[in-house]
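Q: Contents of coords22.cif (mmCIF, C-alpha atoms and all ligand atoms) are below:
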data_structure
#
loop_
_atom_site.label_atom_id
_atom_site.label_comp_id
_atom_site.auth_asym_id
_atom_site.auth_seq_id
_atom_site.Cartn_x
_atom_site.Cartn_y
_atom_site.Cartn_z
CA MET A 1 38.50 -111.89 61.84
CA SER A 2 38.53 -108.14 61.81
CA ASP A 3 38.66 -105.71 64.69
CA THR A 4 37.15 -102.84 62.71
CA LYS A 5 34.90 -100.68 64.86
CA PHE A 6 31.79 -99.55 63.00
CA GLN A 7 30.68 -96.12 64.15
CA GLY A 8 28.07 -93.78 62.72
CA TRP A 9 25.22 -91.34 63.18
CA LEU A 10 22.45 -93.33 64.86
CA GLY A 11 18.85 -92.29 64.37
CA LYS A 12 17.17 -93.57 67.51
CA ASN A 13 13.62 -92.34 66.98
CA GLU A 14 11.45 -90.17 64.71
CA GLU A 15 12.95 -86.99 66.18
CA SER A 16 16.34 -87.88 64.69
CA VAL A 17 15.32 -86.18 61.41
CA LYS A 18 15.34 -82.87 63.27
CA GLY A 19 19.12 -83.02 63.59
CA LYS A 20 19.09 -85.37 66.57
CA MET A 21 21.11 -88.33 65.32
CA GLU A 22 23.67 -89.50 67.88
CA TRP A 23 27.22 -90.65 67.07
CA GLY A 24 27.93 -94.15 68.33
CA GLU A 25 29.06 -97.68 67.65
CA PHE A 26 26.85 -100.22 65.88
CA GLU A 27 26.96 -103.92 65.08
CA PRO A 28 27.07 -104.41 61.29
CA LYS A 29 25.39 -107.36 59.62
CA LYS A 30 27.04 -110.68 60.40
CA TRP A 31 30.12 -111.18 58.17
CA THR A 32 29.91 -113.67 55.32
CA GLU A 33 32.51 -114.47 52.69
CA ASP A 34 30.25 -112.77 50.11
CA ASP A 35 30.64 -109.40 51.82
CA VAL A 36 32.90 -106.38 51.54
CA ASP A 37 33.81 -103.99 54.36
CA ILE A 38 34.29 -100.42 53.21
CA GLU A 39 36.13 -97.60 54.96
CA ILE A 40 33.87 -94.72 53.97
CA SER A 41 35.35 -91.57 52.48
CA HIS A 42 32.12 -90.00 51.15
CA CYS A 43 28.38 -90.39 51.50
CA GLY A 44 25.69 -88.34 49.77
CA LEU A 45 22.48 -87.22 51.46
CA CYS A 46 19.32 -88.48 49.73
CA GLY A 47 15.72 -87.42 50.34
CA SER A 48 15.08 -91.05 51.31
CA ASP A 49 17.30 -90.58 54.38
CA LEU A 50 14.74 -88.10 55.73
CA HIS A 51 11.77 -90.41 55.07
CA MET A 52 13.57 -93.24 56.86
CA LEU A 53 14.77 -91.20 59.87
CA LYS A 54 11.18 -90.11 60.56
CA SER A 55 9.53 -93.50 59.86
CA GLY A 56 7.73 -91.91 56.89
CA TRP A 57 7.42 -95.19 54.97
CA GLY A 58 6.42 -97.32 57.96
CA PRO A 59 8.19 -98.11 61.22
CA THR A 60 11.98 -97.80 60.94
CA PRO A 61 13.94 -100.46 62.87
CA TYR A 62 15.84 -97.99 65.09
CA PRO A 63 18.68 -97.53 65.71
CA CYS A 64 19.22 -96.69 62.06
CA VAL A 65 22.26 -95.22 60.31
CA VAL A 66 21.07 -93.74 57.00
CA GLY A 67 23.08 -92.91 53.87
CA HIS A 68 23.12 -94.95 50.66
CA GLU A 69 25.44 -93.07 48.37
CA ILE A 70 28.64 -94.55 49.73
CA ILE A 71 32.19 -94.35 48.38
CA GLY A 72 35.27 -95.63 50.14
CA LYS A 73 38.06 -98.15 50.24
CA ALA A 74 37.50 -101.90 50.34
CA VAL A 75 39.30 -102.90 53.54
CA ARG A 76 38.07 -106.48 53.84
CA VAL A 77 36.90 -108.65 50.96
CA GLY A 78 35.15 -112.00 51.35
CA LYS A 79 36.78 -115.13 49.91
CA ASN A 80 33.92 -115.67 47.46
CA VAL A 81 34.23 -112.18 45.99
CA LYS A 82 35.90 -112.00 42.58
CA HIS A 83 35.40 -108.47 41.24
CA ILE A 84 36.57 -106.38 44.22
CA LYS A 85 40.22 -106.09 45.29
CA GLU A 86 41.23 -105.08 48.79
CA GLY A 87 42.51 -101.50 48.94
CA THR A 88 40.62 -100.26 45.88
CA ARG A 89 37.93 -97.59 45.60
CA VAL A 90 34.39 -98.92 45.63
CA GLY A 91 30.82 -97.72 46.03
CA VAL A 92 27.43 -98.87 47.30
CA GLY A 93 24.02 -97.47 46.39
CA ALA A 94 20.61 -97.97 47.95
CA GLN A 95 20.39 -101.76 47.66
CA ALA A 96 22.33 -104.35 49.69
CA ARG A 97 20.72 -107.67 48.78
CA SER A 98 18.23 -109.43 46.53
CA CYS A 99 17.60 -113.17 46.20
CA LEU A 100 20.04 -113.57 43.23
CA GLN A 101 18.45 -116.93 42.41
CA LYS A 102 18.60 -118.26 38.84
CA ASP A 103 14.86 -118.89 38.85
CA CYS A 104 14.00 -115.38 40.01
CA PRO A 105 12.45 -113.58 37.01
CA ASP A 106 13.83 -110.27 38.26
CA CYS A 107 17.33 -111.15 39.45
CA SER A 108 17.98 -113.39 36.45
CA SER A 109 17.20 -110.56 34.03
CA GLY A 110 19.11 -107.67 35.56
CA LEU A 111 16.18 -106.30 37.53
CA GLU A 112 17.58 -106.85 41.03
CA SER A 113 15.95 -103.70 42.39
CA TYR A 114 12.53 -105.25 41.67
CA CYS A 115 13.26 -108.69 43.15
CA GLY A 116 9.94 -110.15 44.26
CA ASN A 117 11.61 -112.41 46.81
CA GLY A 118 12.69 -109.49 48.90
CA VAL A 119 15.05 -106.57 48.66
CA VAL A 120 17.34 -105.59 51.53
CA ASN A 121 18.03 -101.87 51.51
CA THR A 122 21.45 -100.47 52.35
CA TYR A 123 20.05 -99.17 55.61
CA GLY A 124 16.98 -99.74 57.73
CA SER A 125 16.40 -103.32 56.59
CA VAL A 126 16.54 -106.53 58.58
CA TYR A 127 18.36 -109.38 56.78
CA PRO A 128 16.64 -112.72 56.49
CA GLY A 129 17.96 -115.39 58.88
CA ASP A 130 20.19 -114.21 61.70
CA GLU A 131 22.44 -111.83 59.76
CA GLY A 132 21.26 -108.73 61.58
CA LYS A 133 20.40 -105.29 60.24
CA SER A 134 21.70 -103.10 57.43
CA TYR A 135 23.42 -99.84 58.33
CA GLY A 136 24.21 -97.01 55.89
CA GLY A 137 26.92 -94.54 55.14
CA TYR A 138 26.74 -91.68 57.66
CA ALA A 139 29.46 -93.71 59.32
CA THR A 140 33.07 -94.79 59.36
CA HIS A 141 32.44 -98.18 57.72
CA ASN A 142 29.86 -100.13 55.76
CA ARG A 143 29.40 -103.85 55.15
CA THR A 144 27.49 -104.94 52.04
CA ASN A 145 27.11 -108.02 49.84
CA ALA A 146 29.66 -107.72 47.04
CA HIS A 147 27.04 -108.12 44.29
CA PHE A 148 25.96 -104.58 45.20
CA VAL A 149 29.49 -103.19 45.62
CA LEU A 150 30.85 -101.50 42.51
CA ASN A 151 34.24 -100.44 41.28
CA ILE A 152 34.30 -96.71 40.52
CA PRO A 153 35.77 -95.73 37.13
CA GLU A 154 38.91 -93.62 37.15
CA GLY A 155 38.15 -90.09 36.06
CA LEU A 156 35.25 -89.71 38.47
CA ASP A 157 35.90 -87.75 41.63
CA SER A 158 34.73 -89.63 44.73
CA ALA A 159 32.53 -86.79 45.97
CA ASP A 160 30.90 -86.53 42.53
CA ALA A 161 30.43 -90.27 42.14
CA ALA A 162 28.84 -90.81 45.57
CA PRO A 163 25.44 -89.18 44.87
CA MET A 164 25.23 -90.89 41.50
CA LEU A 165 24.88 -94.22 43.30
CA CYS A 166 21.29 -93.44 44.31
CA GLY A 167 20.34 -89.95 43.12
CA GLY A 168 21.91 -90.49 39.71
CA ILE A 169 20.76 -94.02 38.97
CA THR A 170 17.18 -93.35 40.11
CA VAL A 171 16.72 -90.94 37.23
CA TYR A 172 19.19 -92.48 34.75
CA SER A 173 17.36 -95.82 34.77
CA PRO A 174 13.87 -94.54 33.88
CA LEU A 175 15.32 -92.08 31.35
CA LYS A 176 17.26 -94.83 29.59
CA GLN A 177 14.50 -97.42 29.79
CA ASN A 178 11.88 -95.04 28.42
CA GLY A 179 13.76 -93.92 25.36
CA CYS A 180 15.45 -90.68 26.45
CA GLY A 181 17.80 -89.78 23.61
CA PRO A 182 18.00 -87.97 20.28
CA GLY A 183 14.59 -86.91 18.98
CA LYS A 184 13.04 -86.80 22.45
CA LYS A 185 11.85 -83.92 24.59
CA VAL A 186 12.10 -84.71 28.27
CA GLY A 187 10.77 -83.03 31.41
CA ILE A 188 12.27 -83.39 34.88
CA VAL A 189 9.90 -82.44 37.68
CA GLY A 190 11.38 -81.34 41.03
CA VAL A 191 14.90 -80.10 40.45
CA GLY A 192 16.46 -81.17 43.74
CA GLY A 193 19.10 -83.86 44.23
CA LEU A 194 17.54 -86.43 41.91
CA GLY A 195 16.10 -83.81 39.57
CA HIS A 196 19.43 -82.10 38.93
CA PHE A 197 20.84 -85.50 37.92
CA GLY A 198 17.75 -85.87 35.72
CA VAL A 199 18.71 -82.75 33.79
CA LEU A 200 22.39 -83.81 33.55
CA PHE A 201 21.71 -87.37 32.42
CA ALA A 202 18.88 -86.48 30.02
CA LYS A 203 21.38 -84.19 28.27
CA ALA A 204 24.17 -86.79 28.45
CA LEU A 205 21.83 -89.33 26.83
CA GLY A 206 21.31 -86.90 23.97
CA ALA A 207 17.72 -85.72 24.40
CA ASP A 208 16.82 -82.94 21.97
CA ARG A 209 15.30 -80.73 24.64
CA VAL A 210 15.32 -80.97 28.42
CA VAL A 211 12.87 -78.99 30.52
CA GLY A 212 13.45 -78.51 34.25
CA ILE A 213 10.23 -78.05 36.21
CA SER A 214 10.27 -76.86 39.83
CA ARG A 215 8.18 -74.53 41.95
CA LYS A 216 10.17 -71.31 42.22
CA ALA A 217 11.72 -69.00 39.64
CA GLU A 218 14.85 -68.63 41.80
CA LYS A 219 16.21 -71.93 40.43
CA ARG A 220 15.88 -70.83 36.79
CA ASP A 221 19.48 -69.68 36.27
CA ASP A 222 20.93 -72.75 37.96
CA VAL A 223 18.82 -75.19 35.97
CA LEU A 224 19.70 -73.53 32.67
CA LYS A 225 23.39 -73.61 33.67
CA LEU A 226 23.02 -77.32 34.45
CA GLY A 227 22.17 -77.71 30.79
CA ALA A 228 18.38 -77.56 30.63
CA ASP A 229 16.99 -75.89 27.51
CA GLU A 230 13.98 -74.50 29.37
CA TYR A 231 12.76 -74.00 32.91
CA ILE A 232 9.23 -73.83 34.26
CA ALA A 233 8.44 -72.42 37.73
CA THR A 234 5.04 -73.87 38.54
CA ASP A 235 4.35 -71.50 41.45
CA GLU A 236 5.25 -68.42 39.45
CA ASP A 237 4.95 -68.84 35.66
CA LYS A 238 1.40 -67.84 34.74
CA ASP A 239 -0.58 -70.44 32.75
CA TRP A 240 2.44 -72.78 32.67
CA ALA A 241 0.33 -75.88 32.17
CA LYS A 242 -1.76 -74.41 29.35
CA ASN A 243 1.31 -72.99 27.64
CA ASN A 244 3.13 -76.33 27.65
CA VAL A 245 0.34 -78.72 26.79
CA ARG A 246 1.40 -81.83 24.80
CA SER A 247 5.02 -80.76 24.59
CA LEU A 248 7.00 -83.64 26.17
CA ASP A 249 7.65 -87.29 25.26
CA LEU A 250 8.77 -88.32 28.73
CA ILE A 251 8.53 -86.91 32.24
CA VAL A 252 10.42 -88.17 35.28
CA CYS A 253 8.96 -86.83 38.52
CA THR A 254 11.04 -86.69 41.71
CA VAL A 255 8.49 -84.80 43.81
CA SER A 256 7.23 -86.61 46.91
CA SER A 257 4.10 -84.69 47.78
CA ASP A 258 0.42 -85.55 47.52
CA LYS A 259 -0.19 -81.84 46.83
CA MET A 260 1.79 -81.64 43.58
CA PRO A 261 -0.17 -80.60 40.45
CA LEU A 262 0.03 -84.08 38.96
CA ASN A 263 -2.80 -83.71 36.45
CA ASP A 264 -1.17 -80.52 35.13
CA TYR A 265 2.15 -82.35 34.72
CA LEU A 266 0.35 -85.10 32.80
CA THR A 267 -1.23 -82.65 30.35
CA MET A 268 2.32 -81.75 29.29
CA LEU A 269 2.76 -85.19 27.70
CA LYS A 270 2.41 -85.67 23.97
CA THR A 271 0.16 -88.44 22.65
CA LYS A 272 1.43 -91.82 23.95
CA GLY A 273 3.88 -90.06 26.26
CA THR A 274 5.19 -91.59 29.48
CA PHE A 275 5.24 -90.24 33.04
CA ILE A 276 7.49 -92.01 35.55
CA GLN A 277 7.17 -91.32 39.27
CA VAL A 278 10.29 -91.82 41.38
CA GLY A 279 9.56 -89.47 44.31
CA ALA A 280 8.22 -91.59 47.18
CA PRO A 281 5.92 -89.64 49.53
CA ASP A 282 5.55 -90.44 53.21
CA GLY A 283 2.62 -92.85 53.33
CA GLY A 284 2.84 -93.31 49.54
CA ASN A 285 -0.19 -91.29 48.42
CA LEU A 286 -0.17 -89.30 45.19
CA PRO A 287 -2.86 -86.83 44.13
CA PRO A 288 -5.84 -88.51 42.43
CA ILE A 289 -5.41 -88.87 38.67
CA ASN A 290 -8.30 -87.85 36.47
CA ALA A 291 -9.08 -90.50 33.84
CA PHE A 292 -9.57 -87.79 31.23
CA THR A 293 -5.95 -86.74 31.54
CA LEU A 294 -4.97 -90.32 30.62
CA ILE A 295 -7.44 -91.49 27.99
CA PRO A 296 -7.65 -88.76 25.32
CA ASN A 297 -3.89 -88.73 24.70
CA GLY A 298 -3.20 -92.38 25.48
CA ILE A 299 -0.48 -91.69 28.02
CA LYS A 300 1.18 -94.11 30.44
CA VAL A 301 1.94 -93.54 34.12
CA GLY A 302 4.56 -95.72 35.81
CA GLY A 303 7.14 -95.95 38.54
CA SER A 304 10.82 -96.86 38.86
CA ALA A 305 13.09 -98.06 41.66
CA ILE A 306 16.81 -97.17 41.65
CA GLY A 307 18.64 -99.44 39.13
CA SER A 308 20.63 -102.66 38.94
CA PRO A 309 24.38 -102.86 39.63
CA ALA A 310 24.96 -103.32 35.89
CA GLU A 311 22.96 -100.19 35.10
CA ILE A 312 24.85 -98.24 37.79
CA ALA A 313 28.14 -99.32 36.23
CA GLU A 314 26.90 -98.22 32.79
CA MET A 315 25.81 -94.83 34.21
CA LEU A 316 29.15 -94.28 35.97
CA GLN A 317 31.01 -95.01 32.74
CA LEU A 318 28.79 -92.61 30.80
CA ALA A 319 29.40 -89.97 33.49
CA ALA A 320 33.15 -90.51 33.23
CA ASP A 321 33.15 -90.49 29.42
CA LYS A 322 30.88 -87.44 29.04
CA LYS A 323 32.34 -85.64 32.05
CA VAL A 324 28.98 -85.31 33.78
CA LYS A 325 29.63 -82.91 36.64
CA PRO A 326 27.07 -82.90 39.46
CA TRP A 327 26.59 -79.84 41.63
CA ILE A 328 27.53 -80.99 45.08
CA GLN A 329 28.31 -79.30 48.37
CA LYS A 330 30.78 -81.08 50.63
CA ARG A 331 30.02 -81.23 54.33
CA SER A 332 32.10 -82.78 57.07
CA MET A 333 30.80 -86.10 58.43
CA LYS A 334 30.82 -84.29 61.75
CA GLU A 335 28.05 -81.92 60.56
CA ALA A 336 25.66 -84.65 59.44
CA ASN A 337 22.89 -83.39 61.74
CA GLN A 338 23.03 -79.86 60.34
CA ALA A 339 23.21 -81.24 56.79
CA VAL A 340 20.02 -83.25 57.40
CA ILE A 341 18.26 -80.11 58.68
CA ASP A 342 19.45 -78.14 55.64
CA LEU A 343 18.34 -80.85 53.19
CA ASP A 344 14.90 -80.96 54.82
CA ALA A 345 14.66 -77.18 54.46
CA GLY A 346 15.36 -77.42 50.70
CA ARG A 347 18.70 -75.64 50.96
CA ALA A 348 20.88 -78.18 49.07
CA ARG A 349 22.25 -76.98 45.71
CA TYR A 350 21.92 -79.69 44.69
CA ARG A 351 23.40 -82.58 46.69
CA TYR A 352 25.17 -82.58 50.03
CA VAL A 353 28.03 -85.06 50.30
CA LEU A 354 29.48 -85.94 53.70
CA GLU A 355 33.24 -86.35 53.84
CA ASN A 356 35.20 -88.34 56.41
N1 LIG A 401 12.24 -94.42 43.34
C1 LIG A 401 13.42 -94.56 43.89
O1 LIG A 401 14.09 -95.59 43.72
C2 LIG A 401 13.99 -93.45 44.72
C3 LIG A 401 15.37 -93.40 44.94
C4 LIG A 401 15.88 -92.29 45.61
C5 LIG A 401 15.04 -91.32 46.11
N2 LIG A 401 13.70 -91.45 45.93
C6 LIG A 401 12.76 -90.42 46.43
O2 LIG A 401 12.79 -89.30 45.55
C7 LIG A 401 12.36 -88.15 46.27
C8 LIG A 401 13.29 -86.99 45.99
O3 LIG A 401 14.56 -87.21 46.57
P1 LIG A 401 15.71 -86.11 46.45
O4 LIG A 401 16.89 -86.69 47.14
O5 LIG A 401 15.83 -85.63 45.08
O6 LIG A 401 15.09 -84.94 47.37
P2 LIG A 401 15.34 -83.37 47.27
O7 LIG A 401 16.76 -83.10 46.94
O8 LIG A 401 14.75 -82.81 48.49
O9 LIG A 401 14.49 -82.91 45.99
C9 LIG A 401 13.10 -83.01 45.93
C10 LIG A 401 12.53 -81.86 45.12
O10 LIG A 401 11.12 -81.98 45.06
C11 LIG A 401 10.55 -80.69 45.02
N3 LIG A 401 9.42 -80.63 45.98
C12 LIG A 401 9.46 -80.88 47.30
N4 LIG A 401 8.24 -80.72 47.85
C13 LIG A 401 7.42 -80.40 46.85
C14 LIG A 401 6.03 -80.10 46.78
N5 LIG A 401 5.25 -80.09 47.88
N6 LIG A 401 5.49 -79.82 45.59
C15 LIG A 401 6.27 -79.80 44.49
N7 LIG A 401 7.60 -80.04 44.51
C16 LIG A 401 8.16 -80.33 45.67
C17 LIG A 401 11.60 -79.69 45.44
O11 LIG A 401 11.87 -78.87 44.34
P3 LIG A 401 11.42 -77.32 44.34
O12 LIG A 401 11.49 -76.84 45.75
O13 LIG A 401 12.44 -76.71 43.45
O14 LIG A 401 10.04 -77.30 43.79
C18 LIG A 401 12.81 -80.52 45.76
O15 LIG A 401 13.98 -79.94 45.23
C19 LIG A 401 12.28 -88.59 47.74
O16 LIG A 401 10.94 -88.89 48.02
C20 LIG A 401 13.13 -89.84 47.76
O17 LIG A 401 12.78 -90.70 48.81
C21 LIG A 401 13.17 -92.48 45.24
ZN ZN A 402 18.47 -92.45 47.74
ZN ZN A 403 15.38 -112.13 43.07
#
In structure tokens, write the structure found in this file.
Ligand SMILES: NC(=O)c1ccc[n+]([C@@H]2O[C@H](COP(=O)([O-])OP(=O)(O)OC[C@H]3O[C@@H](n4cnc5c(N)ncnc54)[C@H](OP(=O)(O)O)[C@@H]3O)[C@@H](O)[C@H]2O)c1
Ligand SMILES: [Zn+2]
Ligand SMILES: [Zn+2]

A:
Amino acid sequence: MSDTKFQGWLGKNEESVKGKMEWGEFEPKKWTEDDVDIEISHCGLCGSDLHMLKSGWGPTPYPCVVGHEIIGKAVRVGKNVKHIKEGTRVGVGAQARSCLQKDCPDCSSGLESYCGNGVVNTYGSVYPGDEGKSYGGYATHNRTNAHFVLNIPEGLDSADAAPMLCGGITVYSPLKQNGCGPGKKVGIVGVGGLGHFGVLFAKALGADRVVGISRKAEKRDDVLKLGADEYIATDEDKDWAKNNVRSLDLIVCTVSSDKMPLNDYLTMLKTKGTFIQVGAPDGGNLPPINAFTLIPNGIKVGGSAIGSPAEIAEMLQLAADKKVKPWIQKRSMKEANQAVIDLDAGRARYRYVLEN
């Protein structure tokens, strides 16, 4: 038994996204011997937290504690757990459970984030059976199934590692799986939290050229300093689409708006190029795609969801080895409401990380 009190920032309704989360106690999922309890030291703020607080992807099971870029200390480790030791530094990303059955085509091949038998998210999900709900990391503690709890390599600062657990992996996975590396020219659309990791990891994976693509010119200096070879400001650079036609092998798009110039982005792909959407708009709609942006250059449009624990571990090791340094801004856990407001207003440069 444990007498740990779980406390966090509770979103109680759709207004909570306006900085109206309330601090309070919550009942974590029912303990099993497959679980790990974590005393949270850091938690990054992801764009998904905003969608979930405002029920943007469907009704949120309030009360909801968001936050799925969690780092902390393992303070209780289930008897069945082999790879986590009590007292060590661990992390949790956006996923808390998949079926993990041997006959699951996804789980048995390292594709847990696509499990067709049901994914439980780190927050805002209801567990099957009577295990309760999942609660995230704007909190003192988190309880998650150990399969989705990772050891954090030495050499990575906790505040830097936290946002890699969702923001980092969500771009690392589609970059890696779609051939980002030497000989490739890669575009990252929407240089926010995910997008800035896109630039960092595309470089770390050895792409020949990395192009950051956002709306305003004011980010140009930052994005070049992050390591991009080029920057395009779609609201301000005249004829940007025409000037960059058929120039990229791969694009990863983090924008979550049905107003984005999607067809213009697609014209930037070379023949047989690939466009991967990771930004997840409220309601899910993207702008309509014109068939004649797809057919004449034989391009592919796809999507990608976070990454598996094994892929996260690989990414963290690469980050440690190549000294990938995210641009984060630390905020006190106490100011979570203001941090949510600031993220929503596009003020993060480029990821807020709450600190307990
Ligand atoms: N697929 C997955 O597994 C997964 C995982 C995590 C997050 N996500 C989703 O990815 C999205 C981005 O998350 P994030 O944490 O990176 O958010 P973020 O830090 O707010 O960054 C999003 C960026 O998109 C750009 N943008 C916003 N509105 C736009 C518009 N109307 N038109 C064009 N560009 C726009 C902004 O860049 P500029 O202002 O510079 O243009 C902004 O920096 C969210 O929808 C989130 O839920 C998906
Ligand atoms: Zn996220
Ligand atoms: Zn499965």

Q: Have a look at A:Lys225, A:His68, A:Lys184, A:Lys73 and name the one nearest to A:Leu269; count all atoms listed in the file.

A: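 For A:Leu269, the nearest of the candidates is A:Lys184.
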
Q: Quick one: residues within 7 Å of stretch 290-307 of chain A, all atoms listed in the file counted, chain neighbours fewer than 6 positions away excluded, as an MDAnalysis selection string?

A: chainID A and resid 113 166 169:170 173:174 263 266:267 271:278

Q: Can you work out which residues are within 7 Å of ligand LIG 401 (chain A), considering all atoms listed in the file, and then hand them over as a ChimeraX atom specification?

A: /A:46-48,51,166-167,170,190-195,214-216,219,254-257,259-260,278-281,304-306,343-344,346,348,350-351

Q: What does the distance from atom CA of A:Asp258 to atom CA of A:Leu224 come to in Å, to one decimal?

A: 27.1 Å

Q: Of the residues A:Arg76, A:Lys5, A:Lys18, A:Lys185, which is the one nearest to A:Thr32, using all atoms listed in the file?

A: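 That would be A:Arg76, the residue with the smallest distance to A:Thr32.
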
Q: Can you list, as a PyMOL selection string, every protein, DNA or RNA residue that comes within 12 Å of stretch 33-37 of chain A when you count only C-alpha atoms, leaving out same-chain residues fewer than 4 positions away?

A: chain A and resi 1-6+28-29+70-92+96-97+131+135-137+140-151

Q: Got time to write the residues from that selection, C-alpha atoms, as an mmCIF file, in the frame of the given file?

A:
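What landed in out29.cif:
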data_model
loop_
_atom_site.group_PDB
_atom_site.id
_atom_site.type_symbol
_atom_site.label_atom_id
_atom_site.label_comp_id
_atom_site.auth_asym_id
_atom_site.auth_seq_id
_atom_site.Cartn_x
_atom_site.Cartn_y
_atom_site.Cartn_z
ATOM 1 C CA MET A 1 38.500 -111.890 61.840
ATOM 2 C CA SER A 2 38.530 -108.140 61.810
ATOM 3 C CA ASP A 3 38.660 -105.710 64.690
ATOM 4 C CA THR A 4 37.150 -102.840 62.710
ATOM 5 C CA LYS A 5 34.900 -100.680 64.860
ATOM 6 C CA PHE A 6 31.790 -99.550 63.000
ATOM 7 C CA PRO A 28 27.070 -104.410 61.290
ATOM 8 C CA LYS A 29 25.390 -107.360 59.620
ATOM 9 C CA ILE A 70 28.640 -94.550 49.730
ATOM 10 C CA ILE A 71 32.190 -94.350 48.380
ATOM 11 C CA GLY A 72 35.270 -95.630 50.140
ATOM 12 C CA LYS A 73 38.060 -98.150 50.240
ATOM 13 C CA ALA A 74 37.500 -101.900 50.340
ATOM 14 C CA VAL A 75 39.300 -102.900 53.540
ATOM 15 C CA ARG A 76 38.070 -106.480 53.840
ATOM 16 C CA VAL A 77 36.900 -108.650 50.960
ATOM 17 C CA GLY A 78 35.150 -112.000 51.350
ATOM 18 C CA LYS A 79 36.780 -115.130 49.910
ATOM 19 C CA ASN A 80 33.920 -115.670 47.460
ATOM 20 C CA VAL A 81 34.230 -112.180 45.990
ATOM 21 C CA LYS A 82 35.900 -112.000 42.580
ATOM 22 C CA HIS A 83 35.400 -108.470 41.240
ATOM 23 C CA ILE A 84 36.570 -106.380 44.220
ATOM 24 C CA LYS A 85 40.220 -106.090 45.290
ATOM 25 C CA GLU A 86 41.230 -105.080 48.790
ATOM 26 C CA GLY A 87 42.510 -101.500 48.940
ATOM 27 C CA THR A 88 40.620 -100.260 45.880
ATOM 28 C CA ARG A 89 37.930 -97.590 45.600
ATOM 29 C CA VAL A 90 34.390 -98.920 45.630
ATOM 30 C CA GLY A 91 30.820 -97.720 46.030
ATOM 31 C CA VAL A 92 27.430 -98.870 47.300
ATOM 32 C CA ALA A 96 22.330 -104.350 49.690
ATOM 33 C CA ARG A 97 20.720 -107.670 48.780
ATOM 34 C CA GLU A 131 22.440 -111.830 59.760
ATOM 35 C CA TYR A 135 23.420 -99.840 58.330
ATOM 36 C CA GLY A 136 24.210 -97.010 55.890
ATOM 37 C CA GLY A 137 26.920 -94.540 55.140
ATOM 38 C CA THR A 140 33.070 -94.790 59.360
ATOM 39 C CA HIS A 141 32.440 -98.180 57.720
ATOM 40 C CA ASN A 142 29.860 -100.130 55.760
ATOM 41 C CA ARG A 143 29.400 -103.850 55.150
ATOM 42 C CA THR A 144 27.490 -104.940 52.040
ATOM 43 C CA ASN A 145 27.110 -108.020 49.840
ATOM 44 C CA ALA A 146 29.660 -107.720 47.040
ATOM 45 C CA HIS A 147 27.040 -108.120 44.290
ATOM 46 C CA PHE A 148 25.960 -104.580 45.200
ATOM 47 C CA VAL A 149 29.490 -103.190 45.620
ATOM 48 C CA LEU A 150 30.850 -101.500 42.510
ATOM 49 C CA ASN A 151 34.240 -100.440 41.280
#

Q: With a distance cut-off of 10 Å and all atoms listed in the file, select the neighbouring residues of A:Asn356, excluding the residue or stretch itself and same-chain residues fewer than 4 positions from it, and output the selection as a PyMOL selection string.

A: chain A and resi 39-43+72+138-140+331-334

Q: Can you list every residue of chain A that has an atom at most 12 Å from ligand ZN 403 (chain A), with its nearest atom pair and the distance in Å to one decimal, using all atoms listed in the file, ordered by chain then number, as CSV?

A:
residue,atom,partner,partner_atom,distance
A:Arg97,CA,A:ZN403,ZN,9.0
A:Ser98,CA,A:ZN403,ZN,5.2
A:Cys99,CA,A:ZN403,ZN,4.0
A:Leu100,CA,A:ZN403,ZN,4.9
A:Gln101,CA,A:ZN403,ZN,5.7
A:Lys102,CA,A:ZN403,ZN,8.1
A:Asp103,CA,A:ZN403,ZN,8.0
A:Cys104,CA,A:ZN403,ZN,4.7
A:Pro105,CA,A:ZN403,ZN,6.9
A:Asp106,CA,A:ZN403,ZN,5.4
A:Cys107,CA,A:ZN403,ZN,4.2
A:Ser108,CA,A:ZN403,ZN,7.2
A:Ser109,CA,A:ZN403,ZN,9.4
A:Gly110,CA,A:ZN403,ZN,9.5
A:Leu111,CA,A:ZN403,ZN,8.1
A:Glu112,CA,A:ZN403,ZN,6.1
A:Ser113,CA,A:ZN403,ZN,8.5
A:Tyr114,CA,A:ZN403,ZN,7.6
A:Cys115,CA,A:ZN403,ZN,4.0
A:Gly116,CA,A:ZN403,ZN,5.9
A:Asn117,CA,A:ZN403,ZN,5.3
A:Gly118,CA,A:ZN403,ZN,6.9
A:Val119,CA,A:ZN403,ZN,7.9
A:Val120,CA,A:ZN403,ZN,10.9
A:Ser308,CA,A:ZN403,ZN,11.6

Q: Here is a test: counting all atoms listed in the file, which residue of A:Gly155, A:Gly187, A:Gly67, A:Pro261 is nearest to A:Tyr231?

A: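 Selected residue with least distance to A:Tyr231: A:Gly187.
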
Q: To one decimal place, how far is atom CA of A:Ile232 from atom CA of A:Asn244 in Å?

A: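 Distance between the two atoms: 9.3 Å.
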
Q: Hey, can you check how far atom CA of A:Phe26 sits from atom CA of A:Asp342?

A: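 Computed distance, atom CA of A:Phe26 to atom CA of A:Asp342, equals 25.4 Å.
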
Q: Quick one: residues within 10 Å of A:Ala228, all atoms listed in the file, excluding same-chain residues fewer than 4 positions away - as a list in words?

A: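 Using all atoms listed in the file, the neighbours found are Val186, Gly187, Ile188, His196, Gly198, Val199, Leu200, Ala202, Lys203, Arg209, Val210, Val211, Gly212, Ile213, Arg220, Asp221, Asp222, Val223 and Leu224 of chain A.
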